[in-house]
Structures are given as structure tokens and as C-alpha cells.
>>> print(open('upload_33.pdb').read())   # PDB, C-alpha atoms and all ligand atoms
ATOM      1  CA  MET V   9     -12.506 -22.094 -10.622
ATOM      2  CA  ILE V  10     -11.652 -18.395 -10.784
ATOM      3  CA  GLU V  11     -12.408 -16.401  -7.676
ATOM      4  CA  ARG V  12     -12.052 -12.676  -7.068
ATOM      5  CA  ARG V  13     -10.904 -11.862  -3.561
ATOM      6  CA  VAL V  14      -9.701  -8.916  -1.515
ATOM      7  CA  LEU V  15      -6.586  -9.418   0.590
ATOM      8  CA  ARG V  16      -6.626  -7.698   4.004
ATOM      9  CA  PHE V  17      -3.898  -7.949   6.601
ATOM     10  CA  GLU V  18      -3.750  -8.323  10.387
ATOM     11  CA  ALA V  19      -1.468  -5.370  11.089
ATOM     12  CA  PRO V  20      -2.322  -1.950  12.560
ATOM     13  CA  LEU V  21      -0.218  -0.109   9.940
ATOM     14  CA  LEU V  22      -2.104  -1.863   7.133
ATOM     15  CA  GLU V  23      -5.559  -1.041   8.443
ATOM     16  CA  GLY V  24      -7.781  -0.130   5.497
ATOM     17  CA  VAL V  25      -5.358  -1.541   2.892
ATOM     18  CA  GLU V  26      -7.286  -3.787   0.507
ATOM     19  CA  LEU V  27      -5.601  -5.570  -2.382
ATOM     20  CA  PRO V  28      -7.870  -7.003  -5.082
ATOM     21  CA  ALA V  29      -6.610 -10.488  -5.959
ATOM     22  CA  VAL V  30      -7.596 -13.362  -8.213
ATOM     23  CA  GLU V  31      -7.267 -16.996  -7.253
ATOM     24  CA  ALA V  32      -7.576 -19.553 -10.049
ATOM     25  CA  ARG V  33      -7.504 -23.311  -9.771
ATOM     26  CA  GLY V  34      -7.440 -25.820 -12.592
ATOM     27  CA  SER V  35      -9.140 -29.206 -12.513
ATOM     28  CA  ARG V  36      -5.771 -30.964 -12.873
ATOM     29  CA  ASP V  37      -2.854 -30.947 -10.426
ATOM     30  CA  GLY V  38       0.139 -28.747 -11.040
ATOM     31  CA  PRO V  39       2.321 -26.090  -9.456
ATOM     32  CA  ARG V  40       1.098 -22.918  -7.806
ATOM     33  CA  VAL V  41       2.317 -19.684  -9.405
ATOM     34  CA  GLY V  42       2.269 -16.250  -7.814
ATOM     35  CA  LEU V  43       1.698 -13.383 -10.271
ATOM     36  CA  ILE V  44       2.115  -9.847  -9.010
ATOM     37  CA  ALA V  45       2.400  -6.352 -10.473
ATOM     38  CA  GLY V  46       2.252  -2.819  -9.142
ATOM     39  CA  ILE V  47       5.038  -3.249  -6.569
ATOM     40  CA  HIS V  48       5.828   0.107  -8.185
ATOM     41  CA  GLY V  49       2.460   1.818  -8.531
ATOM     42  CA  CYS V  50       3.054   3.740 -11.783
ATOM     43  CA  GLU V  51       4.353   0.893 -13.976
ATOM     44  CA  TYR V  52       1.016   0.804 -15.756
ATOM     45  CA  ALA V  53       1.745  -1.418 -18.777
ATOM     46  CA  SER V  54       2.692  -4.324 -16.499
ATOM     47  CA  ILE V  55      -0.352  -3.802 -14.260
ATOM     48  CA  ALA V  56      -2.648  -3.607 -17.314
ATOM     49  CA  ALA V  57      -1.104  -6.783 -18.728
ATOM     50  CA  LEU V  58      -1.768  -8.823 -15.592
ATOM     51  CA  THR V  59      -5.369  -7.564 -15.446
ATOM     52  CA  ARG V  60      -5.864  -8.390 -19.135
ATOM     53  CA  PHE V  61      -4.401 -11.883 -18.702
ATOM     54  CA  LEU V  62      -6.705 -12.567 -15.745
ATOM     55  CA  ARG V  63      -9.810 -11.334 -17.594
ATOM     56  CA  GLN V  64      -9.015 -13.664 -20.512
ATOM     57  CA  LEU V  65      -8.142 -16.645 -18.325
ATOM     58  CA  ASP V  66     -10.113 -19.873 -18.709
ATOM     59  CA  ALA V  67      -9.594 -22.111 -15.645
ATOM     60  CA  GLY V  68     -10.250 -25.128 -17.860
ATOM     61  CA  ARG V  69      -6.824 -24.508 -19.414
ATOM     62  CA  LEU V  70      -5.028 -24.683 -16.049
ATOM     63  CA  SER V  71      -3.165 -27.470 -14.302
ATOM     64  CA  GLY V  72      -2.371 -26.263 -10.820
ATOM     65  CA  SER V  73      -3.248 -22.849  -9.459
ATOM     66  CA  LEU V  74      -2.540 -19.130  -9.628
ATOM     67  CA  ILE V  75      -2.675 -16.367  -7.048
ATOM     68  CA  ALA V  76      -2.531 -12.963  -8.705
ATOM     69  CA  VAL V  77      -2.346  -9.430  -7.262
ATOM     70  CA  PRO V  78      -2.308  -6.793 -10.034
ATOM     71  CA  ILE V  79      -1.571  -3.756  -7.805
ATOM     72  CA  VAL V  80       0.468  -4.642  -4.731
ATOM     73  CA  ASN V  81       1.409  -1.069  -3.821
ATOM     74  CA  VAL V  82      -2.084   0.327  -3.984
ATOM     75  CA  THR V  83      -1.269   3.512  -2.060
ATOM     76  CA  ALA V  84       1.600   4.349  -4.453
ATOM     77  CA  PHE V  85      -0.777   3.668  -7.361
ATOM     78  CA  ARG V  86      -3.466   6.008  -5.995
ATOM     79  CA  ALA V  87      -0.941   8.736  -5.166
ATOM     80  CA  ARG V  88       0.830   8.338  -8.576
ATOM     81  CA  SER V  89       4.046   7.972  -6.583
ATOM     82  CA  PRO V  90       6.932   6.581  -8.661
ATOM     83  CA  PHE V  91       9.550   4.279  -7.051
ATOM     84  CA  VAL V  92       8.511   4.815  -3.433
ATOM     85  CA  THR V  93       5.597   4.219  -1.085
ATOM     86  CA  PRO V  94       4.007   7.510   0.075
ATOM     87  CA  GLN V  95       3.711   6.448   3.731
ATOM     88  CA  ASP V  96       7.443   6.023   4.398
ATOM     89  CA  GLY V  97       9.359   6.999   1.245
ATOM     90  CA  LYS V  98      10.756   3.466   0.862
ATOM     91  CA  ASN V  99      11.122   1.511  -2.372
ATOM     92  CA  LEU V 100       8.910  -1.549  -1.776
ATOM     93  CA  ASN V 101      11.181  -3.641  -4.008
ATOM     94  CA  ARG V 102      14.024  -3.158  -1.485
ATOM     95  CA  CYS V 103      11.920  -4.332   1.481
ATOM     96  CA  PHE V 104      11.355  -8.062   0.853
ATOM     97  CA  PRO V 105      10.906 -10.483   2.584
ATOM     98  CA  GLY V 106       9.652  -7.710   4.833
ATOM     99  CA  ASP V 107       9.595  -6.983   8.541
ATOM    100  CA  PRO V 108       6.401  -7.106  10.635
ATOM    101  CA  ASP V 109       7.956  -4.565  13.038
ATOM    102  CA  GLY V 110       9.137  -2.091  10.392
ATOM    103  CA  THR V 111       7.484   0.842   8.662
ATOM    104  CA  PHE V 112       4.547   0.600   6.232
ATOM    105  CA  SER V 113       6.537  -0.803   3.269
ATOM    106  CA  ASP V 114       8.323  -3.387   5.432
ATOM    107  CA  VAL V 115       5.029  -4.569   6.948
ATOM    108  CA  LEU V 116       3.296  -4.699   3.546
ATOM    109  CA  ALA V 117       6.241  -6.645   2.082
ATOM    110  CA  HIS V 118       6.098  -9.085   5.010
ATOM    111  CA  HIS V 119       2.398  -9.820   4.574
ATOM    112  CA  VAL V 120       2.572 -10.068   0.771
ATOM    113  CA  PHE V 121       5.562 -12.361   1.089
ATOM    114  CA  GLU V 122       3.856 -14.668   3.599
ATOM    115  CA  GLN V 123       0.413 -14.747   1.934
ATOM    116  CA  VAL V 124       1.273 -14.612  -1.769
ATOM    117  CA  ILE V 125       4.936 -15.422  -2.435
ATOM    118  CA  ARG V 126       5.885 -18.074   0.138
ATOM    119  CA  PRO V 127       2.889 -20.364  -0.684
ATOM    120  CA  SER V 128       3.862 -20.250  -4.398
ATOM    121  CA  ASP V 129       6.150 -22.668  -6.232
ATOM    122  CA  HIS V 130       7.174 -19.962  -8.738
ATOM    123  CA  LEU V 131       6.876 -16.171  -8.816
ATOM    124  CA  ILE V 132       6.436 -13.735 -11.707
ATOM    125  CA  ASP V 133       6.701 -10.094 -10.556
ATOM    126  CA  LEU V 134       5.874  -7.758 -13.454
ATOM    127  CA  HIS V 135       7.552  -4.359 -13.727
ATOM    128  CA  GLY V 136       8.523  -1.714 -16.273
ATOM    129  CA  GLY V 137      10.142   1.665 -16.384
ATOM    130  CA  ASP V 138       8.561   3.917 -13.776
ATOM    131  CA  LEU V 139       6.833   7.276 -14.400
ATOM    132  CA  VAL V 140      10.127   8.986 -15.331
ATOM    133  CA  GLU V 141      12.005   6.006 -16.760
ATOM    134  CA  ALA V 142      12.320   4.623 -20.288
ATOM    135  CA  LEU V 143      13.712   1.135 -20.751
ATOM    136  CA  GLU V 144      14.634  -1.633 -23.125
ATOM    137  CA  PRO V 145      12.621  -4.743 -22.150
ATOM    138  CA  PHE V 146      14.560  -7.245 -20.021
ATOM    139  CA  THR V 147      13.962  -9.981 -17.466
ATOM    140  CA  LEU V 148      15.857 -10.125 -14.175
ATOM    141  CA  TYR V 149      16.493 -13.169 -12.041
ATOM    142  CA  ASP V 150      18.884 -13.874  -9.197
ATOM    143  CA  GLU V 151      21.967 -15.946  -8.660
ATOM    144  CA  SER V 152      20.763 -18.662  -6.266
ATOM    145  CA  PRO V 153      20.489 -22.439  -5.826
ATOM    146  CA  VAL V 154      17.238 -22.265  -7.880
ATOM    147  CA  GLN V 155      18.704 -20.015 -10.592
ATOM    148  CA  GLN V 156      18.505 -22.625 -13.360
ATOM    149  CA  ARG V 157      14.725 -22.845 -13.005
ATOM    150  CA  ALA V 158      14.494 -19.053 -12.805
ATOM    151  CA  HIS V 159      16.641 -18.820 -15.946
ATOM    152  CA  GLU V 160      14.256 -21.171 -17.781
ATOM    153  CA  MET V 161      11.309 -18.997 -16.721
ATOM    154  CA  ALA V 162      13.146 -15.873 -17.912
ATOM    155  CA  VAL V 163      13.872 -17.479 -21.300
ATOM    156  CA  ALA V 164      10.227 -18.508 -21.623
ATOM    157  CA  PHE V 165       9.031 -14.968 -20.823
ATOM    158  CA  GLY V 166      10.665 -14.016 -24.111
ATOM    159  CA  LEU V 167      12.018 -10.470 -23.589
ATOM    160  CA  ARG V 168      15.191  -9.766 -25.541
ATOM    161  CA  TYR V 169      17.650  -9.335 -22.653
ATOM    162  CA  LEU V 170      18.188 -11.490 -19.570
ATOM    163  CA  ILE V 171      19.999 -10.107 -16.537
ATOM    164  CA  ARG V 172      21.140 -12.359 -13.699
ATOM    165  CA  SER V 173      21.708 -10.381 -10.503
ATOM    166  CA  GLU V 174      24.884 -11.601  -8.851
ATOM    167  CA  ARG V 175      24.722 -11.947  -5.074
ATOM    168  CA  SER V 176      27.814  -9.788  -4.541
ATOM    169  CA  GLU V 177      26.354  -6.789  -6.371
ATOM    170  CA  ALA V 178      22.642  -7.399  -5.795
ATOM    171  CA  ILE V 179      20.625  -4.394  -4.640
ATOM    172  CA  GLY V 180      18.862  -6.549  -2.016
ATOM    173  CA  GLY V 181      15.305  -6.723  -0.785
ATOM    174  CA  THR V 182      13.747  -7.480  -4.160
ATOM    175  CA  THR V 183      10.834  -9.881  -4.517
ATOM    176  CA  SER V 184      12.893 -12.193  -6.708
ATOM    177  CA  ALA V 185      15.888 -12.313  -4.342
ATOM    178  CA  ALA V 186      13.683 -12.953  -1.290
ATOM    179  CA  ALA V 187      11.782 -15.646  -3.190
ATOM    180  CA  ALA V 188      15.043 -17.277  -4.316
ATOM    181  CA  ASP V 189      16.251 -17.281  -0.694
ATOM    182  CA  ALA V 190      13.077 -19.219   0.167
ATOM    183  CA  GLY V 191      13.801 -21.708  -2.651
ATOM    184  CA  ILE V 192      11.190 -20.215  -5.017
ATOM    185  CA  PRO V 193      12.389 -19.548  -8.596
ATOM    186  CA  ALA V 194      11.328 -16.004  -9.513
ATOM    187  CA  ILE V 195      11.627 -13.537 -12.360
ATOM    188  CA  ILE V 196      11.129  -9.779 -12.711
ATOM    189  CA  PRO V 197      10.199  -8.974 -16.331
ATOM    190  CA  GLU V 198      10.393  -5.256 -17.204
ATOM    191  CA  ALA V 199       8.673  -3.669 -20.226
ATOM    192  CA  GLY V 200       7.004  -0.311 -20.787
ATOM    193  CA  GLY V 201       7.639   2.951 -18.973
ATOM    194  CA  CYS V 202       7.102   6.706 -18.628
ATOM    195  CA  GLY V 203       3.546   6.166 -17.351
ATOM    196  CA  ARG V 204       2.382   5.097 -20.800
ATOM    197  CA  MET V 205      -0.205   2.454 -21.565
ATOM    198  CA  ASP V 206       1.501   1.411 -24.792
ATOM    199  CA  GLU V 207      -0.022  -1.625 -26.432
ATOM    200  CA  ALA V 208       3.307  -3.143 -27.531
ATOM    201  CA  SER V 209       4.567  -3.340 -23.935
ATOM    202  CA  ILE V 210       1.259  -4.664 -22.598
ATOM    203  CA  ALA V 211       1.271  -7.347 -25.317
ATOM    204  CA  LEU V 212       4.874  -8.319 -24.466
ATOM    205  CA  HIS V 213       3.893  -8.847 -20.833
ATOM    206  CA  VAL V 214       0.738 -10.835 -21.655
ATOM    207  CA  ALA V 215       2.614 -13.088 -24.096
ATOM    208  CA  GLY V 216       5.372 -13.522 -21.517
ATOM    209  CA  ILE V 217       2.979 -14.506 -18.723
ATOM    210  CA  GLU V 218       1.250 -17.060 -20.968
ATOM    211  CA  ASN V 219       4.422 -18.608 -22.325
ATOM    212  CA  THR V 220       6.062 -18.839 -18.887
ATOM    213  CA  LEU V 221       2.953 -20.554 -17.492
ATOM    214  CA  ARG V 222       3.044 -22.986 -20.439
ATOM    215  CA  ALA V 223       6.723 -23.710 -19.796
ATOM    216  CA  LEU V 224       5.851 -24.430 -16.142
ATOM    217  CA  GLY V 225       3.093 -26.809 -17.234
ATOM    218  CA  VAL V 226       0.386 -24.647 -15.638
ATOM    219  CA  LEU V 227      -1.280 -23.409 -18.829
ATOM    220  CA  ASP V 228      -2.086 -25.691 -21.745
ATOM    221  CA  GLY V 229      -0.662 -25.124 -25.213
ATOM    222  CA  GLU V 230       2.663 -25.277 -26.993
ATOM    223  CA  VAL V 231       5.619 -23.404 -25.508
ATOM    224  CA  SER V 232       6.922 -20.804 -27.979
ATOM    225  CA  PRO V 233      10.684 -20.859 -28.554
ATOM    226  CA  PRO V 234      12.652 -17.806 -27.380
ATOM    227  CA  PRO V 235      12.891 -14.990 -29.939
ATOM    228  CA  ALA V 236      15.992 -14.925 -32.130
ATOM    229  CA  GLY V 237      18.741 -12.753 -30.726
ATOM    230  CA  MET V 238      17.972 -13.221 -27.016
ATOM    231  CA  ARG V 239      21.006 -12.077 -25.031
ATOM    232  CA  LEU V 240      22.474 -12.351 -21.567
ATOM    233  CA  VAL V 241      23.732  -9.168 -19.881
ATOM    234  CA  ARG V 242      26.745  -9.973 -17.695
ATOM    235  CA  ARG V 243      27.072  -6.596 -16.013
ATOM    236  CA  PHE V 244      24.176  -4.263 -15.150
ATOM    237  CA  VAL V 245      25.923  -0.954 -14.367
ATOM    238  CA  TRP V 246      23.807   1.810 -12.819
ATOM    239  CA  LEU V 247      25.178   5.343 -13.115
ATOM    240  CA  ARG V 248      24.185   7.906 -10.484
ATOM    241  CA  ALA V 249      24.364  11.684 -10.243
ATOM    242  CA  PRO V 250      27.355  12.923  -8.189
ATOM    243  CA  VAL V 251      25.540  16.267  -7.880
ATOM    244  CA  ALA V 252      21.896  17.340  -8.071
ATOM    245  CA  GLY V 253      20.980  19.100 -11.289
ATOM    246  CA  TRP V 254      19.209  19.199 -14.640
ATOM    247  CA  TRP V 255      19.752  15.824 -16.386
ATOM    248  CA  ASP V 256      20.283  16.211 -20.103
ATOM    249  CA  ALA V 257      20.447  12.617 -21.412
ATOM    250  CA  ALA V 258      22.220  12.073 -24.743
ATOM    251  CA  VAL V 259      21.179   8.444 -25.259
ATOM    252  CA  THR V 260      18.021   6.344 -25.355
ATOM    253  CA  PRO V 261      17.267   2.737 -24.334
ATOM    254  CA  SER V 262      18.526  -0.057 -26.642
ATOM    255  CA  GLN V 263      21.256   2.214 -28.038
ATOM    256  CA  SER V 264      24.726   0.639 -28.326
ATOM    257  CA  VAL V 265      27.476   2.638 -26.645
ATOM    258  CA  SER V 266      31.243   2.314 -26.420
ATOM    259  CA  ALA V 267      33.551   2.877 -23.456
ATOM    260  CA  GLY V 268      34.078   6.588 -22.870
ATOM    261  CA  GLN V 269      31.154   7.675 -25.052
ATOM    262  CA  PRO V 270      29.276  10.718 -23.658
ATOM    263  CA  LEU V 271      25.895   9.638 -22.218
ATOM    264  CA  GLY V 272      24.616  12.972 -20.972
ATOM    265  CA  THR V 273      25.327  16.027 -18.868
ATOM    266  CA  LEU V 274      24.142  17.338 -15.518
ATOM    267  CA  ARG V 275      23.631  21.099 -15.726
ATOM    268  CA  ASP V 276      23.046  23.932 -13.278
ATOM    269  CA  PRO V 277      19.911  26.121 -13.468
ATOM    270  CA  PHE V 278      21.643  28.398 -16.025
ATOM    271  CA  GLY V 279      22.386  25.459 -18.332
ATOM    272  CA  ASP V 280      26.107  25.359 -17.630
ATOM    273  CA  PRO V 281      27.573  21.849 -17.329
ATOM    274  CA  LEU V 282      28.220  20.540 -13.809
ATOM    275  CA  HIS V 283      29.220  16.999 -14.702
ATOM    276  CA  ASP V 284      29.574  14.988 -17.898
ATOM    277  CA  VAL V 285      28.581  11.326 -17.800
ATOM    278  CA  SER V 286      30.385   8.831 -20.023
ATOM    279  CA  SER V 287      29.986   5.111 -20.528
ATOM    280  CA  PRO V 288      32.165   2.932 -18.268
ATOM    281  CA  GLU V 289      32.321   0.201 -20.926
ATOM    282  CA  ASP V 290      31.021  -1.032 -24.257
ATOM    283  CA  GLY V 291      27.387  -2.068 -23.975
ATOM    284  CA  THR V 292      23.726  -1.271 -24.468
ATOM    285  CA  ILE V 293      21.619   1.354 -22.695
ATOM    286  CA  MET V 294      19.079  -0.611 -20.615
ATOM    287  CA  PHE V 295      17.182   2.284 -19.036
ATOM    288  CA  VAL V 296      17.323   6.079 -18.828
ATOM    289  CA  THR V 297      15.780   8.506 -16.338
ATOM    290  CA  THR V 298      13.642  10.741 -18.557
ATOM    291  CA  SER V 299      12.950  13.486 -16.016
ATOM    292  CA  PRO V 300      15.526  16.292 -16.052
ATOM    293  CA  ALA V 301      15.099  16.726 -12.282
ATOM    294  CA  VAL V 302      17.705  14.577 -10.563
ATOM    295  CA  ALA V 303      18.786  14.643  -6.912
ATOM    296  CA  GLU V 304      22.311  13.999  -5.690
ATOM    297  CA  ASP V 305      22.939  10.225  -5.939
ATOM    298  CA  GLY V 306      19.807   9.882  -8.094
ATOM    299  CA  ILE V 307      19.854   7.202 -10.781
ATOM    300  CA  LEU V 308      20.610   8.509 -14.299
ATOM    301  CA  LEU V 309      20.725   5.398 -16.466
ATOM    302  CA  ALA V 310      22.008   1.838 -16.712
ATOM    303  CA  VAL V 311      24.456   0.282 -19.141
ATOM    304  CA  GLY V 312      24.283  -3.442 -19.834
ATOM    305  CA  GLY V 313      27.810  -4.735 -20.360
ATOM    306  CA  GLY V 314      29.433  -8.062 -21.226
ATOM    307  CA  ILE V 315      26.474  -8.889 -23.456
ATOM    308  CA  GLU V 316      26.606 -12.303 -25.094
ATOM    309  CA  PRO V 317      24.217 -14.447 -27.103
ATOM    310  CA  LEU V 318      22.217 -16.909 -25.034
TER     311      LEU V 318
HETATM  312 ZN    ZN V 401       9.395  -1.571 -10.948
END
>>> encode(input="upload_33.pdb", output="C-alpha cells")
Amino acid sequence: MIERRVLRFEAPLLEGVELPAVEARGSRDGPRVGLIAGIHGCEYASIAALTRFLRQLDAGRLSGSLIAVPIVNVTAFRARSPFVTPQDGKNLNRCFPGDPDGTFSDVLAHHVFEQVIRPSDHLIDLHGGDLVEALEPFTLYDESPVQQRAHEMAVAFGLRYLIRSERSEAIGGTTSAAAADAGIPAIIPEAGGCGRMDEASIALHVAGIENTLRALGVLDGEVSPPPAGMRLVRRFVWLRAPVAGWWDAAVTPSQSVSAGQPLGTLRDPFGDPLHDVSSPEDGTIMFVTTSPAVAEDGILLAVGGGIEPL
């Protein structure tokens, strides 16, 4: 059975919000998996991948069930608003498990958590680089009592880098962290970026969804082994702008860098340097902000450090 639904929510702030969703149930028993995308409304490759997977899905191949929401942050999608929800300026992926008494993003997170995430046995939350962000594909999961199962899901998804968010340095409020706190193993795969609908990134996401569902026993077929050269990133170091300015990046995602290497320069409106950014350690560039417009404390890029073979 595959059923198209529209999720609506009993909350005054969410009046008029309608989230198209797909519910699929196999004829055999198995786990229930939540599949979501569009928590960030401009990460189009991941949204397109979930839609493509659902259109190709044959319920006869399923054991268990799926609940899928391809565009969770539908207002950010319609407004082409990167990172934040237009109604309150909050990053929805810092608001989970949500708050029914908070602002729009908190209330939306609360209802999505209760209706989609909490009833699931596993969660896959698809992301990518946002409208002004280029990245090397990686899969995030969280340090938690269910981290081993999340790690196995991340390996099955098949992106080259795995990043485990440590509790002490976690950004907090993510779907995967809130799910882990509720005992639900969850992953955040990231591929694509810069508002592009590039086929390679869409294909990575579709293959990742299918292989993870096979590894969970939900989709029939052989589980593909992880690609050669899969690596674990021990430290995920985000570098921010100490001053607002024109960001002139000198590196691109997947590039290897060494400690002290120049990564870019923040300039004033005349082009004079305000601040030079250098790498805090040896590593690989995981993502870069591609827009030159950066606010004070805005994110510039991330270095993956302590990288080791899986
Ligand atoms: Zn995202």
C-alpha cells in the first residue's frame, strides 16, 4: 500500500501549513522508517532524491513501513530562504524536538517530531549544502546509546565521510540528536548544494536511501558494501567570521589542507583584507560558504580533522 497524504497540525501558528507526505506499508512485518527532507528548504538535490525514490517505490518490495515528508519546511522552500524559516528567522534544524509554546519553527518541529519522528524506529533526514554552500558529501550521526545502529545506517548510506557529533560539542536541536535522545537511531546524509539540481548528488541520495533501507531489512535486495576509502572524521571544525565582510574563499570542498594553510580572506568594500583565515589543523575541507556576503559570526567553512579509515 502506498498512500499520498497531507499532514496538517492542530496549532494556531501552523494554520494553513500543509505538508505532502507518503505513507507506504509492505505486506510483511518490519520496522517503521521516517524519511524526511527539506528541513532546509533550498537543499534541492536531497528533496528531489526523496521524491524520486518515492515515485519509484514498489510496496511489494517492503517489509515494514515508511512515512516520508519530502519538504518539511515548506514556507522556507516557497520563499527560497536558505538556513532559516521566514516566519521567525530560526534554523529549523536547531529546534528539535520542538516546543508547542514557541515560535513557528519550534511549533513545527514539535509537531513533525511527534507525528513523523517519534513513531519511527529509524530516521533518515536528507540534507545538502544550502543555497550558498558547497560541500563534500558526508553523513552525520550523534553520539548516543543508539549510536552503533546509527553508525551502521551511516555506513550503509555510502557517502565517503562519516561524522559522529560528540555530545560535548554538538550544535543541539538537530533532528538526529532529538531522535537519538528518544532512542531512535538517525542519520543526516548531506550531498549537493548551491541550489543546484545536479544528477550526481541526487543519485547519491537515492542510492543511499535504498541501501540503508536494505540494511534495515525494510527493502528487499542485497546490501551493497560501503565504497572503498570510506573515512571517519573525528573533529568537525566550523570557522566563523570575526567581522562582517566580503568572503574570498581560497579552498573548495574535498581539498586537503594542512595546519596554518591560508583558507581565505575577509575583505572590506574596497578589497583590502580585514582578516585572514587559516586552517586550525591538518584535514579536509568539508563545506565552504560560496556567497561573498558574510555577517559577523557567519559561518565561512568547515575543516574535517582527525580523519581515519573506517
Ligand atoms: Zn540542511
>>> closest_residue(input="upload_33.pdb", among="V:Pro277, V:Gly200, V:Gly180, V:Gly106", to="ligand ZN 401 (chain V)", atoms="all atoms listed in the file")
V:Gly200
>>> atom_distance(input="upload_33.pdb", atom1="atom CA of V:Ala162", atom2="atom CA of V:Gly68")
25.2 Å
>>> resolve_selection(input="upload_33.pdb", expression="the PyMOL selection byres (((not hetatm)) within 7 of (chain V and resi 401))", output="ChimeraX atom specification")
/V:47-48,51,135-138
>>> atom_distance(input="upload_33.pdb", atom1="atom CA of V:Pro108", atom2="atom CA of V:Val120")
11.0 Å
>>> atom_distance(input="upload_33.pdb", atom1="atom CA of V:Phe295", atom2="atom CA of V:Gly42")
26.3 Å
>>> resolve_selection(input="upload_33.pdb", expression="the PyMOL selection byres (((chain V and resi 89) around 12) and not hetatm)", output="PyMOL selection string")
chain V and resi 46-51+81-88+90-100+138-140+203
>>> write_last_selection(input="upload_33.pdb", atoms="C-alpha atoms", output="compact mmCIF listing (two decimals), keeping the file's coordinate frame")
# COMPACT_ATOMS: atom_id res chain seq x y z
CA GLY V 46 2.25 -2.82 -9.14
CA ILE V 47 5.04 -3.25 -6.57
CA HIS V 48 5.83 0.11 -8.18
CA GLY V 49 2.46 1.82 -8.53
CA CYS V 50 3.05 3.74 -11.78
CA GLU V 51 4.35 0.89 -13.98
CA ASN V 81 1.41 -1.07 -3.82
CA VAL V 82 -2.08 0.33 -3.98
CA THR V 83 -1.27 3.51 -2.06
CA ALA V 84 1.60 4.35 -4.45
CA PHE V 85 -0.78 3.67 -7.36
CA ARG V 86 -3.47 6.01 -6.00
CA ALA V 87 -0.94 8.74 -5.17
CA ARG V 88 0.83 8.34 -8.58
CA PRO V 90 6.93 6.58 -8.66
CA PHE V 91 9.55 4.28 -7.05
CA VAL V 92 8.51 4.82 -3.43
CA THR V 93 5.60 4.22 -1.08
CA PRO V 94 4.01 7.51 0.08
CA GLN V 95 3.71 6.45 3.73
CA ASP V 96 7.44 6.02 4.40
CA GLY V 97 9.36 7.00 1.25
CA LYS V 98 10.76 3.47 0.86
CA ASN V 99 11.12 1.51 -2.37
CA LEU V 100 8.91 -1.55 -1.78
CA ASP V 138 8.56 3.92 -13.78
CA LEU V 139 6.83 7.28 -14.40
CA VAL V 140 10.13 8.99 -15.33
CA GLY V 203 3.55 6.17 -17.35
>>> axis_aligned_box(input="upload_33.pdb", around="stretch 225-236 of chain V", padding_each_side="5 Å", output="AutoDock Vina command-line options")
--center_x 7.0 --center_y -20.9 --center_z -23.9 --size_x 28.1 --size_y 21.9 --size_z 26.5
>>> closest_residue(input="upload_33.pdb", among="V:Pro105, V:Pro270, V:Pro78, V:Pro234", to="V:Ala164", atoms="all atoms listed in the file")
V:Pro234
>>> closest_atom_pairs(input="upload_33.pdb", of="stretch 27-56 of chain V", to="stretch 211-226 of chain V", cutoff="7 Å", atoms="all atoms listed in the file", output="CSV")
residue,atom,partner,partner_atom,distance
V:Gly38,CA,V:Val226,CA,6.2
V:Pro39,CA,V:Val226,CA,6.6
V:Ser54,CA,V:His213,CA,6.4
>>> resolve_selection(input="upload_33.pdb", expression="the PyMOL selection byres (((chain V and resi 313) around 10) and not hetatm)", output="MDAnalysis selection string")
chainID V and resid 240:245 265:266 288:294 310:312 314:316
>>> closest_residue(input="upload_33.pdb", among="V:Pro20, V:Pro145, V:Gly191, V:Gly72", to="V:Phe112", atoms="all atoms listed in the file")
V:Pro20
>>> residues_near_point(input="upload_33.pdb", point="(20.9, 20.9, -8.5)", cutoff="8 Å", atoms="all atoms listed in the file", output="list of chain:residue names")
V:Val251, V:Ala252, V:Gly253, V:Trp254, V:Arg275, V:Asp276, V:Pro277, V:Val302, V:Ala303, V:Glu304
>>> residues_around(input="upload_33.pdb", residues="V:Gln155", least_positions_apart="4", cutoff="9 Å", atoms="all atoms listed in the file", output="JSON, numbers by chain")
{"V": [149, 150, 151, 159, 160, 172, 188, 193, 194]}
>>> closest_residue(input="upload_33.pdb", among="V:Val154, V:His283, V:Ile75, V:Pro300", to="V:Pro127", atoms="only C-alpha atoms")
V:Ile75
>>> residues_near_point(input="upload_33.pdb", point="(27.6, 11.8, -13.7)", cutoff="9 Å", atoms="all atoms listed in the file", output="PyMOL selection string")
chain V and resi 247-251+271-274+282-286+308
>>> closest_residue(input="upload_33.pdb", among="V:Asn101, V:Gln123, V:Ser71, V:Gln156", to="V:Ala185", atoms="all atoms listed in the file")
V:Asn101
>>> closest_residue(input="upload_33.pdb", among="V:Ile132, V:Cys103, V:Leu43, V:Ser287", to="V:Ser264", atoms="only C-alpha atoms")
V:Ser287
>>> residues_around(input="upload_33.pdb", residues="V:Val30", least_positions_apart="2", cutoff="9 Å", atoms="only C-alpha atoms", output="mmCIF file with C-alpha atoms, in the coordinates of the input")
data_model
loop_
_atom_site.group_PDB
_atom_site.id
_atom_site.type_symbol
_atom_site.label_atom_id
_atom_site.label_comp_id
_atom_site.auth_asym_id
_atom_site.auth_seq_id
_atom_site.Cartn_x
_atom_site.Cartn_y
_atom_site.Cartn_z
ATOM 1 C CA ILE V 10 -11.652 -18.395 -10.784
ATOM 2 C CA GLU V 11 -12.408 -16.401 -7.676
ATOM 3 C CA ARG V 12 -12.052 -12.676 -7.068
ATOM 4 C CA ARG V 13 -10.904 -11.862 -3.561
ATOM 5 C CA VAL V 14 -9.701 -8.916 -1.515
ATOM 6 C CA PRO V 28 -7.870 -7.003 -5.082
ATOM 7 C CA ALA V 32 -7.576 -19.553 -10.049
ATOM 8 C CA LEU V 62 -6.705 -12.567 -15.745
ATOM 9 C CA LEU V 74 -2.540 -19.130 -9.628
ATOM 10 C CA ILE V 75 -2.675 -16.367 -7.048
ATOM 11 C CA ALA V 76 -2.531 -12.963 -8.705
ATOM 12 C CA VAL V 77 -2.346 -9.430 -7.262
ATOM 13 C CA PRO V 78 -2.308 -6.793 -10.034
#
>>> decode(input="upload_33.pdb", residues="stretch 96-107 of chain V", atoms="C-alpha atoms", output="compact mmCIF listing (two decimals), in the first residue's frame")
# COMPACT_ATOMS: atom_id res chain seq x y z
CA ASP V 96 10.87 33.64 12.82
CA GLY V 97 14.40 33.59 11.37
CA LYS V 98 15.23 30.34 13.19
CA ASN V 99 17.16 27.39 11.79
CA LEU V 100 14.62 24.54 11.96
CA ASN V 101 17.44 22.03 12.47
CA ARG V 102 18.26 23.71 15.82
CA CYS V 103 14.66 23.48 17.09
CA PHE V 104 14.06 19.74 17.62
CA PRO V 105 12.32 18.09 19.45
CA GLY V 106 10.39 21.34 19.32
CA ASP V 107 8.24 23.37 21.68
